[in-house]
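Dumped protein.cif below, it's mmCIF, C-alpha atoms:
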data_start
loop_
_atom_site.label_atom_id
_atom_site.label_comp_id
_atom_site.auth_asym_id
_atom_site.auth_seq_id
_atom_site.Cartn_x
_atom_site.Cartn_y
_atom_site.Cartn_z
CA MET Z 30 175.39 -38.15 195.27
CA SER Z 31 172.00 -37.76 193.62
CA ASP Z 32 168.71 -38.22 195.41
CA PRO Z 33 167.41 -41.78 194.73
CA HIS Z 34 163.88 -40.38 194.49
CA SER Z 35 164.89 -38.37 191.42
CA VAL Z 36 165.74 -41.50 189.41
CA ILE Z 37 163.14 -43.89 190.78
CA GLY Z 38 159.63 -43.32 189.44
CA PRO Z 39 156.43 -43.15 191.51
CA GLU Z 40 155.49 -46.79 190.84
CA VAL Z 41 158.82 -48.02 192.17
CA LEU Z 42 158.54 -45.72 195.19
CA ALA Z 43 155.08 -47.18 195.89
CA ALA Z 44 156.57 -50.68 195.67
CA ARG Z 45 159.29 -49.60 198.09
CA ARG Z 46 156.71 -48.27 200.56
CA ALA Z 47 154.71 -51.51 200.29
CA LEU Z 48 157.80 -53.64 200.93
CA GLU Z 49 158.86 -51.44 203.83
CA GLY Z 50 155.37 -51.85 205.28
CA ILE Z 51 155.57 -55.62 204.95
CA PHE Z 52 159.17 -56.21 206.05
CA LEU Z 53 159.92 -53.31 208.38
CA HIS Z 54 156.55 -52.62 209.96
CA GLY Z 55 155.06 -56.14 209.99
CA LYS Z 56 152.03 -55.31 207.86
CA GLN Z 57 150.14 -57.93 205.90
CA VAL Z 58 149.92 -57.63 202.12
CA GLY Z 59 146.27 -56.54 202.40
CA GLU Z 60 147.29 -53.66 204.66
CA VAL Z 61 149.52 -52.19 201.94
CA GLN Z 62 147.17 -52.98 199.07
CA HIS Z 63 146.83 -49.29 198.16
CA GLU Z 64 150.61 -49.04 197.68
CA ILE Z 65 150.69 -52.32 195.75
CA GLU Z 66 147.99 -51.05 193.40
CA ALA Z 67 149.84 -47.74 192.95
CA ALA Z 68 153.00 -49.69 192.15
CA GLY Z 69 151.32 -51.85 189.51
CA GLU Z 70 153.78 -54.23 187.84
CA ALA Z 71 156.66 -52.59 189.68
CA PHE Z 72 155.56 -54.28 192.92
CA SER Z 73 156.25 -57.80 191.64
CA GLY Z 74 159.47 -56.63 189.98
CA VAL Z 75 160.86 -54.84 193.03
CA SER Z 76 159.69 -57.60 195.38
CA ASN Z 77 161.37 -60.18 193.16
CA ALA Z 78 164.55 -58.07 192.95
CA LEU Z 79 164.59 -58.03 196.77
CA PHE Z 80 164.21 -61.81 196.81
CA ARG Z 81 167.13 -62.13 194.40
CA ASN Z 82 169.31 -59.77 196.40
CA VAL Z 83 168.61 -61.61 199.65
CA VAL Z 84 169.04 -65.18 198.35
CA GLU Z 85 172.30 -64.12 196.75
CA ALA Z 86 173.56 -63.69 200.32
CA LEU Z 87 173.43 -67.52 200.50
CA PHE Z 88 173.75 -68.72 196.91
CA THR Z 89 175.80 -67.84 193.84
CA GLY Z 90 173.40 -69.26 191.26
CA HIS Z 91 176.00 -71.85 190.21
CA GLU Z 92 174.92 -74.49 192.74
CA PRO Z 93 172.94 -77.50 191.55
CA VAL Z 94 169.25 -77.39 192.43
CA GLU Z 95 169.75 -80.30 194.84
CA GLU Z 96 172.29 -78.31 196.87
CA ILE Z 97 169.96 -75.32 197.07
CA ALA Z 98 167.09 -77.62 198.12
CA ALA Z 99 169.26 -79.20 200.83
CA ARG Z 100 170.28 -75.79 202.19
CA LEU Z 101 166.67 -74.54 202.16
CA THR Z 102 165.57 -77.73 203.93
CA ALA Z 103 168.28 -77.19 206.56
CA LEU Z 104 167.13 -73.58 206.96
CA GLN Z 105 163.55 -74.81 207.37
CA ARG Z 106 164.65 -77.31 210.04
CA ALA Z 107 166.53 -74.58 211.89
CA HIS Z 108 163.45 -72.29 211.79
CA PRO Z 109 160.48 -74.71 211.76
CA GLU Z 110 157.80 -72.26 212.89
CA GLU Z 111 158.91 -69.39 210.68
CA LEU Z 112 159.37 -71.57 207.58
CA ALA Z 113 156.64 -74.18 208.16
CA ALA Z 114 154.97 -73.28 204.85
CA LEU Z 115 158.21 -73.27 202.84
CA ARG Z 116 158.42 -75.75 199.97
CA PRO Z 117 162.20 -76.24 199.60
CA GLY Z 118 161.99 -78.27 196.37
CA THR Z 119 159.86 -75.74 194.54
CA MET Z 120 161.78 -72.79 195.95
CA SER Z 121 165.14 -74.29 195.04
CA GLU Z 122 164.05 -74.55 191.39
CA PHE Z 123 162.64 -71.02 191.47
CA THR Z 124 165.75 -69.64 193.20
CA LEU Z 125 168.08 -71.17 190.64
CA GLU Z 126 165.93 -69.84 187.81
CA GLN Z 127 166.01 -66.36 189.34
CA ILE Z 128 169.75 -66.08 190.12
CA GLY Z 129 171.32 -68.68 187.87
CA HIS Z 130 172.72 -68.33 184.36
CA GLY Z 131 170.17 -66.83 181.99
CA ALA Z 132 167.96 -65.39 184.74
CA PRO Z 133 164.97 -63.43 183.44
CA PRO Z 134 164.43 -59.74 184.31
CA PRO Z 135 163.21 -59.11 187.88
CA GLY Z 136 159.52 -59.92 188.16
CA TRP Z 137 159.55 -62.47 185.33
CA SER Z 138 159.63 -66.25 185.53
CA GLY Z 139 159.10 -69.33 183.44
CA HIS Z 140 158.52 -71.45 186.54
CA PRO Z 141 155.04 -73.04 186.37
CA GLU Z 142 154.20 -72.02 189.94
CA ALA Z 143 155.76 -68.53 189.85
CA ASP Z 144 152.47 -66.71 190.37
CA SER Z 145 151.86 -68.54 193.65
CA LEU Z 146 155.33 -68.11 195.13
CA LEU Z 147 155.19 -64.53 196.48
CA HIS Z 148 154.47 -65.76 200.02
CA GLN Z 149 157.34 -68.27 199.75
CA GLN Z 150 159.67 -65.50 198.61
CA HIS Z 151 158.62 -63.32 201.54
CA LEU Z 152 159.20 -66.16 204.01
CA LEU Z 153 162.74 -66.60 202.76
CA ILE Z 154 163.44 -62.86 202.65
CA ARG Z 155 162.44 -62.49 206.32
CA CYS Z 156 164.36 -65.52 207.52
CA ILE Z 157 167.54 -64.94 205.53
CA ALA Z 158 167.61 -61.23 206.33
CA ARG Z 159 167.38 -62.02 210.03
CA THR Z 160 169.86 -64.90 210.07
CA GLU Z 161 172.39 -63.03 207.90
CA SER Z 162 171.87 -59.71 209.75
CA LEU Z 163 170.97 -57.86 206.56
CA ASP Z 164 169.91 -54.22 206.82
CA LEU Z 165 166.55 -54.55 205.08
CA PRO Z 166 165.94 -50.81 204.45
CA THR Z 167 169.17 -50.71 202.45
CA TRP Z 168 168.37 -53.98 200.69
CA ILE Z 169 164.89 -52.73 199.76
CA LEU Z 170 166.39 -49.58 198.25
CA GLY Z 171 168.91 -51.76 196.42
CA SER Z 172 166.08 -53.87 195.02
CA CYS Z 173 164.49 -50.69 193.62
CA ALA Z 174 167.77 -49.86 191.90
CA ARG Z 175 168.14 -53.42 190.60
CA TYR Z 176 164.63 -53.35 189.18
CA VAL Z 177 165.05 -49.92 187.56
CA SER Z 178 168.43 -50.82 186.08
CA ASP Z 179 167.27 -54.26 184.84
CA ASP Z 180 170.29 -55.71 186.65
CA TYR Z 181 169.89 -59.44 186.45
#

Translate the structure described by the file into structure tokens.
Amino acid sequence: MSDPHSVIGPEVLAARRALEGIFLHGKQVGEVQHEIEAAGEAFSGVSNALFRNVVEALFTGHEPVEEIAARLTALQRAHPEELAALRPGTMSEFTLEQIGHGAPPPGWSGHPEADSLLHQQHLLIRCIARTESLDLPTWILGSCARYVSDDY
């Protein structure tokens, strides 16, 4: 098996380090700003690929937006403190756009609020990863591969 570092460029590795800082070490975005800047566009792409990977643990992308919204609302009710800032309606539309038929490449969106949804994505990643017992280091590495391979 080849070394993943040999196929993943330095920008993607910086994005990986930033995401590991945020999700594995509890750092705030500002605390990994240097890594985010080194990653450039790859940060939003890898972060979005991680979001897609994680929400696909709950959704297929074939559900109607109302069903996704209802499930996100139920998740918010089950974890009111952790997901207090979650906007289930907006995130259900964004989720379906990102994993449904005709999804854009990781890091891209036609959703009018896409630029302001990074925090929402991170809230869902944390909560779903915990409730579904996902091994985030592996999922972060998988998001790097998804981004690099344009797998969408």

Evaluate the PyMOL selection byres ((chain Z and resi 125-139) around 9) on the structure here and hand back the selected residues as an NGL selection string. :Z and (70-78 or 80-82 or 84-85 or 88-94 or 97 or 120-124 or 140-144 or 175-176 or 179-181)

Show me, as a list in words, the residues that have an atom within 12 Å of Ala158 of chain Z when counting only C-alpha atoms, minus same-chain residues fewer than 5 positions from it.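 Skipping anything fewer than 5 positions along the chain leaves Phe52, Leu53, Leu79, Phe80, Arg81, Asn82, Val83, Val84, Glu85, Ala86, Leu87, Gln150, His151, Leu152, Leu153, Leu163, Asp164, Leu165, Pro166, Thr167, Trp168 and Ile169 of chain Z.
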
Please determine, counting all atoms listed in the file, which residue among Z:Leu147, Z:Glu49, Z:Ala43, Z:Leu101 has the shortest atom-to-atom distance to His63 of chain Z. Z:Ala43

Two-atom distance - atom CA of Pro117 of chain Z, atom CA of Arg100 of chain Z (Å):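 Pair atom CA of Pro117 of chain Z / atom CA of Arg100 of chain Z returns 8.5 Å.
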
When you draw a straight line from atom CA of Pro109 of chain Z to atom CA of Glu95 of chain Z, how long is it in Å? 20.1 Å

Rank nothing, just name the residue among Z:Ile157, Z:Val177, Z:Leu146, Z:Leu48 nearest to Gln105 of chain Z, using only C-alpha atoms.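 Among the listed residues, Z:Ile157 lies closest to Gln105 of chain Z.
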
Could you tell me how far atom CA of Arg155 of chain Z sits from atom CA of His54 of chain Z, in Å to one decimal place?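 It comes out at 12.1 Å.
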
Step by step, gather every atom of segment 92-111 of chain Z that the file lists, find the box along x, y and z that holds them, add 8 Å on each side, and finally give centre and edge lengths in Å to one decimal, as JSON.
{"center_x": 166.4, "center_y": -74.8, "center_z": 202.2, "size_x": 33.1, "size_y": 26.9, "size_z": 37.3}

Residue with smallest distance to Ala107 of chain Z - pool Z:Cys173, Z:Leu42, Z:Cys156, Z:Ile51, counting all atoms listed in the file: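 That would be Z:Cys156, the residue with the smallest distance to Ala107 of chain Z.
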
Min atom-atom distance to Glu40 of chain Z from the set Z:Glu161, Z:Ala68, Z:Gly55, Z:Gln62, counting only C-alpha atoms, belongs to Z:Ala68

Using all atoms listed in the file, which of Z:His108, Z:Arg116, Z:Arg46, Z:Arg159 sits nearest Val58 of chain Z?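 The answer is Z:Arg46, which sits nearest to Val58 of chain Z.
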
Since the input is missing atoms, can you rebuild all heavy atoms for segment 164-175 of chain Z and write them as a PDB file, keeping the file's coordinate frame?
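Produced file out_20.pdb, reproduced below:
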ATOM      1  N   ASP Z 164     170.602 -55.477 206.550  1.00  0.00           N
ATOM      2  CA  ASP Z 164     169.910 -54.220 206.820  1.00  0.00           C
ATOM      3  C   ASP Z 164     168.824 -54.055 205.754  1.00  0.00           C
ATOM      4  O   ASP Z 164     169.087 -53.548 204.659  1.00  0.00           O
ATOM      5  CB  ASP Z 164     170.911 -53.062 206.778  1.00  0.00           C
ATOM      6  CG  ASP Z 164     170.261 -51.727 207.012  1.00  0.00           C
ATOM      7  OD1 ASP Z 164     169.403 -51.623 207.907  1.00  0.00           O
ATOM      8  OD2 ASP Z 164     170.608 -50.773 206.285  1.00  0.00           O
ATOM      9  N   LEU Z 165     167.620 -54.506 206.081  1.00  0.00           N
ATOM     10  CA  LEU Z 165     166.550 -54.550 205.080  1.00  0.00           C
ATOM     11  C   LEU Z 165     166.217 -53.199 204.442  1.00  0.00           C
ATOM     12  O   LEU Z 165     165.955 -53.171 203.239  1.00  0.00           O
ATOM     13  CB  LEU Z 165     165.297 -55.210 205.632  1.00  0.00           C
ATOM     14  CG  LEU Z 165     165.234 -56.717 205.387  1.00  0.00           C
ATOM     15  CD1 LEU Z 165     163.973 -57.318 205.990  1.00  0.00           C
ATOM     16  CD2 LEU Z 165     165.337 -57.074 203.928  1.00  0.00           C
ATOM     17  N   PRO Z 166     166.224 -52.070 205.147  1.00  0.00           N
ATOM     18  CA  PRO Z 166     165.940 -50.810 204.450  1.00  0.00           C
ATOM     19  C   PRO Z 166     166.912 -50.565 203.286  1.00  0.00           C
ATOM     20  O   PRO Z 166     166.494 -50.161 202.202  1.00  0.00           O
ATOM     21  CB  PRO Z 166     166.093 -49.737 205.538  1.00  0.00           C
ATOM     22  CG  PRO Z 166     165.796 -50.461 206.811  1.00  0.00           C
ATOM     23  CD  PRO Z 166     166.331 -51.857 206.601  1.00  0.00           C
ATOM     24  N   THR Z 167     168.175 -50.873 203.505  1.00  0.00           N
ATOM     25  CA  THR Z 167     169.170 -50.710 202.450  1.00  0.00           C
ATOM     26  C   THR Z 167     168.932 -51.714 201.328  1.00  0.00           C
ATOM     27  O   THR Z 167     169.029 -51.383 200.145  1.00  0.00           O
ATOM     28  CB  THR Z 167     170.591 -50.872 203.026  1.00  0.00           C
ATOM     29  OG1 THR Z 167     170.774 -49.893 204.054  1.00  0.00           O
ATOM     30  CG2 THR Z 167     171.657 -50.721 201.957  1.00  0.00           C
ATOM     31  N   TRP Z 168     168.597 -52.941 201.691  1.00  0.00           N
ATOM     32  CA  TRP Z 168     168.370 -53.980 200.690  1.00  0.00           C
ATOM     33  C   TRP Z 168     167.111 -53.688 199.867  1.00  0.00           C
ATOM     34  O   TRP Z 168     167.062 -53.990 198.682  1.00  0.00           O
ATOM     35  CB  TRP Z 168     168.308 -55.350 201.354  1.00  0.00           C
ATOM     36  CG  TRP Z 168     169.671 -55.813 201.796  1.00  0.00           C
ATOM     37  CD1 TRP Z 168     170.425 -55.277 202.804  1.00  0.00           C
ATOM     38  CD2 TRP Z 168     170.449 -56.848 201.226  1.00  0.00           C
ATOM     39  NE1 TRP Z 168     171.619 -55.939 202.896  1.00  0.00           N
ATOM     40  CE2 TRP Z 168     171.668 -56.912 201.943  1.00  0.00           C
ATOM     41  CE3 TRP Z 168     170.237 -57.736 200.200  1.00  0.00           C
ATOM     42  CZ2 TRP Z 168     172.661 -57.834 201.645  1.00  0.00           C
ATOM     43  CZ3 TRP Z 168     171.226 -58.663 199.909  1.00  0.00           C
ATOM     44  CH2 TRP Z 168     172.424 -58.703 200.620  1.00  0.00           C
ATOM     45  N   ILE Z 169     166.102 -53.107 200.501  1.00  0.00           N
ATOM     46  CA  ILE Z 169     164.890 -52.730 199.760  1.00  0.00           C
ATOM     47  C   ILE Z 169     165.219 -51.634 198.759  1.00  0.00           C
ATOM     48  O   ILE Z 169     164.804 -51.704 197.596  1.00  0.00           O
ATOM     49  CB  ILE Z 169     163.756 -52.328 200.729  1.00  0.00           C
ATOM     50  CG1 ILE Z 169     163.261 -53.571 201.483  1.00  0.00           C
ATOM     51  CG2 ILE Z 169     162.613 -51.661 199.969  1.00  0.00           C
ATOM     52  CD1 ILE Z 169     162.302 -53.271 202.634  1.00  0.00           C
ATOM     53  N   LEU Z 170     165.978 -50.637 199.180  1.00  0.00           N
ATOM     54  CA  LEU Z 170     166.390 -49.580 198.250  1.00  0.00           C
ATOM     55  C   LEU Z 170     167.229 -50.167 197.114  1.00  0.00           C
ATOM     56  O   LEU Z 170     167.049 -49.812 195.946  1.00  0.00           O
ATOM     57  CB  LEU Z 170     167.157 -48.480 198.985  1.00  0.00           C
ATOM     58  CG  LEU Z 170     167.557 -47.282 198.142  1.00  0.00           C
ATOM     59  CD1 LEU Z 170     166.346 -46.609 197.496  1.00  0.00           C
ATOM     60  CD2 LEU Z 170     168.330 -46.275 198.995  1.00  0.00           C
ATOM     61  N   GLY Z 171     168.105 -51.097 197.455  1.00  0.00           N
ATOM     62  CA  GLY Z 171     168.910 -51.760 196.420  1.00  0.00           C
ATOM     63  C   GLY Z 171     168.061 -52.540 195.441  1.00  0.00           C
ATOM     64  O   GLY Z 171     168.369 -52.619 194.254  1.00  0.00           O
ATOM     65  N   SER Z 172     166.967 -53.118 195.924  1.00  0.00           N
ATOM     66  CA  SER Z 172     166.080 -53.870 195.020  1.00  0.00           C
ATOM     67  C   SER Z 172     165.369 -52.919 194.062  1.00  0.00           C
ATOM     68  O   SER Z 172     165.124 -53.277 192.902  1.00  0.00           O
ATOM     69  CB  SER Z 172     165.078 -54.702 195.813  1.00  0.00           C
ATOM     70  OG  SER Z 172     164.141 -53.897 196.489  1.00  0.00           O
ATOM     71  N   CYS Z 173     165.069 -51.707 194.526  1.00  0.00           N
ATOM     72  CA  CYS Z 173     164.490 -50.690 193.620  1.00  0.00           C
ATOM     73  C   CYS Z 173     165.479 -50.369 192.512  1.00  0.00           C
ATOM     74  O   CYS Z 173     165.107 -50.325 191.332  1.00  0.00           O
ATOM     75  CB  CYS Z 173     164.129 -49.420 194.392  1.00  0.00           C
ATOM     76  SG  CYS Z 173     162.796 -49.626 195.579  1.00  0.00           S
ATOM     77  N   ALA Z 174     166.731 -50.174 192.896  1.00  0.00           N
ATOM     78  CA  ALA Z 174     167.770 -49.860 191.900  1.00  0.00           C
ATOM     79  C   ALA Z 174     167.966 -51.032 190.942  1.00  0.00           C
ATOM     80  O   ALA Z 174     168.118 -50.825 189.737  1.00  0.00           O
ATOM     81  CB  ALA Z 174     169.082 -49.522 192.617  1.00  0.00           C
ATOM     82  N   ARG Z 175     167.956 -52.252 191.455  1.00  0.00           N
ATOM     83  CA  ARG Z 175     168.140 -53.420 190.600  1.00  0.00           C
ATOM     84  C   ARG Z 175     167.000 -53.518 189.596  1.00  0.00           C
ATOM     85  O   ARG Z 175     167.216 -53.815 188.424  1.00  0.00           O
ATOM     86  CB  ARG Z 175     168.207 -54.677 191.452  1.00  0.00           C
ATOM     87  CG  ARG Z 175     168.511 -55.929 190.655  1.00  0.00           C
ATOM     88  CD  ARG Z 175     168.734 -57.123 191.555  1.00  0.00           C
ATOM     89  NE  ARG Z 175     169.253 -58.245 190.796  1.00  0.00           N
ATOM     90  CZ  ARG Z 175     169.759 -59.322 191.314  1.00  0.00           C
ATOM     91  NH1 ARG Z 175     169.858 -59.448 192.629  1.00  0.00           N
ATOM     92  NH2 ARG Z 175     170.199 -60.310 190.558  1.00  0.00           N
TER      93      ARG Z 175
END
